[in-house]
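In what follows, a single structure is set out as structure tokens and then discussed.
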Amino acid sequence: MEKVKIIKERLETAQSRQKSYSDVCRRDLEFKEDDWRIGQVAYRLELPPEMSLVHPMFHVSVLKKIVGDSSLIVPVETIEVNEELTYEEIPISILDRKVRKLRNKEIAFVKVLWQNQQVEEATWEAEEEMKKKYPHLFE
């Protein structure tokens with residue numbers, strides 16, 4: 001009985017600790033009456049006609065608090081979305097080049113600036129692959 005009592009106390013301590021952690025991370029979301037409420041946890045968006053392929057409903061669990069940066073907003077008109085709701089990234093220019101040395105070989109990488117992306121979002125790609133797909137960037 002003594003061991004059972006100790007186990008119960010430790011379980012209660014662990015549960016209390018976990019609850020205190022989850023209470024810190026949990027936050028209440030507040031919404032106004034005009035938020036197009038469909039139910040207690042689902043909302044419908046009014047989307048422009050060019051986004052008709054996007055499903056207009058979402059669950060509140062996908063909401064995240066964000067501080068917007070207007071410089072990161074890309075106008076919808078500049079992105080051509082296909083039927084699978086994807087779009088093709090088009091490289092604009094090569095910003096930098098570096099060679100990574102491995103044990104037996106060296107691999108060249110280029111920093112690529114993509115259309116609809118900021119300079120901070122440029123990615124490092126294998127130079128050989130980029131030359132095959134986009135030779136005009138290396139002329």
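So you can find residues: chains in the structure tokens are A, B, ... in the order shown, residues in each start at 1, and ligands are numbered from 1 in order.
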Compile the contact shell of Ser93 in chain A as a JSON list (two decimals) with C-alpha atoms, in the first residue's frame: residues with an atom at most 10 Å away, counting only C-alpha atoms, same-chain residues fewer than 3 positions apart removed.
```json
[["chain", "number", "residue", "atom", "x", "y", "z"],
["A", 90, "ILE", "CA", 10.90, 30.70, -61.93],
["A", 96, "ASP", "CA", 26.23, 33.98, -55.37],
["A", 110, "VAL", "CA", 24.60, 28.76, -56.66],
["A", 111, "LYS", "CA", 22.31, 31.04, -54.69],
["A", 112, "VAL", "CA", 19.15, 31.51, -56.75],
["A", 113, "LEU", "CA", 16.69, 34.38, -56.52],
["A", 114, "TRP", "CA", 13.22, 33.12, -57.43],
["A", 115, "GLN", "CA", 10.29, 35.04, -58.87],
["A", 122, "ALA", "CA", 16.91, 32.89, -52.04],
["A", 136, "HIS", "CA", 20.04, 31.18, -69.73],
["A", 137, "LEU", "CA", 20.97, 32.17, -66.18],
["A", 138, "PHE", "CA", 24.63, 31.32, -66.80]]
```
Shell around Val54 in chain A at 12 Å using only C-alpha atoms, local window under 5 positions removed, as a ChimeraX atom specification: /A:44-49,81-86
Go ahead and dump the residues you just picked, all heavy atoms, as a CSV table (one decimal), in the first residue's frame.
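Result file is result-v7.csv:
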```csv
chain,number,residue,atom,x,y,z
A,44,ARG,N,-15.8,30.5,-42.9
A,44,ARG,CA,-15.9,30.6,-44.4
A,44,ARG,C,-15.2,31.9,-44.8
A,44,ARG,O,-15.5,32.9,-44.3
A,44,ARG,CB,-17.3,30.5,-44.9
A,44,ARG,CG,-17.4,30.6,-46.4
A,44,ARG,CD,-18.8,30.5,-46.9
A,44,ARG,NE,-19.3,29.3,-46.2
A,44,ARG,CZ,-20.2,28.5,-46.7
A,44,ARG,NH1,-20.6,28.6,-47.9
A,44,ARG,NH2,-20.7,27.5,-46.0
A,45,LEU,N,-14.3,31.8,-45.8
A,45,LEU,CA,-13.7,33.0,-46.3
A,45,LEU,C,-14.4,33.5,-47.6
A,45,LEU,O,-14.9,32.7,-48.4
A,45,LEU,CB,-12.2,32.6,-46.7
A,45,LEU,CG,-11.3,32.2,-45.6
A,45,LEU,CD1,-10.0,31.7,-46.1
A,45,LEU,CD2,-11.1,33.2,-44.5
A,46,GLU,N,-14.3,34.8,-47.8
A,46,GLU,CA,-14.8,35.3,-49.1
A,46,GLU,C,-13.5,35.5,-49.9
A,46,GLU,O,-12.7,36.4,-49.6
A,46,GLU,CB,-15.5,36.7,-48.9
A,46,GLU,CG,-16.9,36.6,-48.4
A,46,GLU,CD,-17.6,37.9,-48.4
A,46,GLU,OE1,-17.4,38.7,-49.4
A,46,GLU,OE2,-18.3,38.2,-47.5
A,47,LEU,N,-13.4,34.7,-50.9
A,47,LEU,CA,-12.2,34.7,-51.8
A,47,LEU,C,-12.5,35.4,-53.1
A,47,LEU,O,-13.6,35.4,-53.6
A,47,LEU,CB,-11.7,33.3,-52.0
A,47,LEU,CG,-11.3,32.5,-50.8
A,47,LEU,CD1,-10.9,31.1,-51.1
A,47,LEU,CD2,-10.1,33.2,-50.1
A,48,PRO,N,-11.5,36.1,-53.7
A,48,PRO,CA,-11.6,36.7,-55.0
A,48,PRO,C,-11.8,35.6,-56.0
A,48,PRO,O,-11.4,34.5,-55.8
A,48,PRO,CB,-10.3,37.5,-55.2
A,48,PRO,CG,-9.4,36.9,-54.3
A,48,PRO,CD,-10.1,36.3,-53.1
A,49,PRO,N,-12.4,36.0,-57.2
A,49,PRO,CA,-12.7,35.0,-58.2
A,49,PRO,C,-11.5,34.2,-58.7
A,49,PRO,O,-11.6,33.0,-59.0
A,49,PRO,CB,-13.3,35.8,-59.4
A,49,PRO,CG,-13.8,37.1,-58.7
A,49,PRO,CD,-12.9,37.3,-57.5
A,81,VAL,N,-1.7,30.1,-60.4
A,81,VAL,CA,-1.9,28.9,-59.7
A,81,VAL,C,-2.6,27.9,-60.7
A,81,VAL,O,-3.6,28.2,-61.3
A,81,VAL,CB,-2.8,29.1,-58.5
A,81,VAL,CG1,-3.0,27.8,-57.7
A,81,VAL,CG2,-2.1,30.1,-57.6
A,82,ASN,N,-2.1,26.6,-60.8
A,82,ASN,CA,-2.7,25.7,-61.7
A,82,ASN,C,-3.8,24.9,-60.9
A,82,ASN,O,-4.2,25.2,-59.8
A,82,ASN,CB,-1.7,24.7,-62.3
A,82,ASN,CG,-1.0,23.9,-61.2
A,82,ASN,OD1,-1.5,23.7,-60.1
A,82,ASN,ND2,0.2,23.4,-61.5
A,83,GLU,N,-4.4,23.9,-61.6
A,83,GLU,CA,-5.6,23.2,-61.0
A,83,GLU,C,-5.2,22.4,-59.8
A,83,GLU,O,-6.1,22.1,-58.9
A,83,GLU,CB,-6.2,22.2,-62.1
A,83,GLU,CG,-6.8,23.0,-63.2
A,83,GLU,CD,-7.4,22.0,-64.2
A,83,GLU,OE1,-7.3,20.8,-64.0
A,83,GLU,OE2,-7.9,22.5,-65.3
A,84,GLU,N,-3.9,22.0,-59.6
A,84,GLU,CA,-3.5,21.3,-58.4
A,84,GLU,C,-3.2,22.3,-57.3
A,84,GLU,O,-2.6,21.9,-56.3
A,84,GLU,CB,-2.3,20.4,-58.7
A,84,GLU,CG,-2.6,19.2,-59.6
A,84,GLU,CD,-2.5,19.6,-61.1
A,84,GLU,OE1,-1.7,20.4,-61.4
A,84,GLU,OE2,-3.3,19.0,-61.8
A,85,LEU,N,-3.5,23.6,-57.5
A,85,LEU,CA,-3.2,24.6,-56.5
A,85,LEU,C,-1.7,24.7,-56.2
A,85,LEU,O,-1.3,25.0,-55.1
A,85,LEU,CB,-3.9,24.4,-55.2
A,85,LEU,CG,-5.5,24.4,-55.3
A,85,LEU,CD1,-6.1,24.1,-54.0
A,85,LEU,CD2,-6.0,25.7,-55.9
A,86,THR,N,-0.9,24.6,-57.2
A,86,THR,CA,0.6,24.8,-57.1
A,86,THR,C,1.0,25.8,-58.2
A,86,THR,O,0.2,26.1,-59.1
A,86,THR,CB,1.4,23.5,-57.3
A,86,THR,OG1,1.1,22.9,-58.6
A,86,THR,CG2,1.0,22.4,-56.3
```
All strand (DSSP E) positions in chain A, as a PyMOL selection string: chain A and resi 42-44+57-59+91-101+106-114+123-126
Create the file for the chosen residues now, containing C-alpha atoms and written as a compact mmCIF listing (two decimals), in the first residue's frame.
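What follows is the written file again-v9.txt:
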```txt
# COMPACT_ATOMS: atom_id res chain seq x y z
CA ALA A 42 -15.20 26.64 -38.62
CA TYR A 43 -15.15 29.78 -40.78
CA ARG A 44 -15.86 30.57 -44.39
CA MET A 57 -13.56 26.87 -45.25
CA PHE A 58 -10.97 26.58 -42.48
CA HIS A 59 -10.82 25.32 -38.91
CA PRO A 91 14.51 31.68 -61.23
CA ILE A 92 15.36 35.30 -61.94
CA SER A 93 19.07 35.48 -61.27
CA ILE A 94 22.12 33.94 -59.64
CA LEU A 95 23.19 35.91 -56.58
CA ASP A 96 26.23 33.98 -55.37
CA ARG A 97 28.33 30.87 -55.94
CA LYS A 98 30.20 28.57 -53.57
CA VAL A 99 31.96 25.23 -53.73
CA ARG A 100 31.40 22.65 -51.04
CA LYS A 101 34.25 20.23 -50.51
CA GLU A 106 33.69 19.17 -54.81
CA ILE A 107 30.11 20.28 -55.47
CA ALA A 108 29.34 23.76 -56.80
CA PHE A 109 26.24 25.55 -55.50
CA VAL A 110 24.60 28.76 -56.66
CA LYS A 111 22.31 31.04 -54.69
CA VAL A 112 19.15 31.51 -56.75
CA LEU A 113 16.69 34.38 -56.52
CA TRP A 114 13.22 33.12 -57.43
CA THR A 123 17.97 29.24 -51.99
CA TRP A 124 21.19 27.36 -52.59
CA GLU A 125 20.86 24.91 -55.49
CA ALA A 126 23.30 22.55 -57.19
```
Backbone-only DSSP, helix (DSSP H, G or I) members of range 66-126 of chain A, as a PyMOL selection string: chain A and resi 70-72+76-78+119-121
Could those selected residues go to a file with C-alpha atoms, as a tab-separated table (two decimals), in the first residue's frame?
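result25.tsv written:
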```
chain	number	residue	atom	x	y	z
A	70	SER	CA	3.50	44.43	-45.86
A	71	SER	CA	6.74	44.03	-47.84
A	72	LEU	CA	6.19	40.23	-47.92
A	76	VAL	CA	-2.38	37.31	-56.25
A	77	GLU	CA	-2.39	38.45	-59.88
A	78	THR	CA	1.35	37.80	-60.24
A	119	VAL	CA	16.30	38.21	-51.56
A	120	GLU	CA	16.29	36.80	-48.01
A	121	GLU	CA	14.40	33.75	-49.31
```
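Atom to atom, CA of Glu88 in chain A and CA of Asp69 in chain A stand 23.9 Å apart.
Taking CA of Lys133 in chain A and CA of Ile79 in chain A as endpoints, the distance between them is 20.6 Å.
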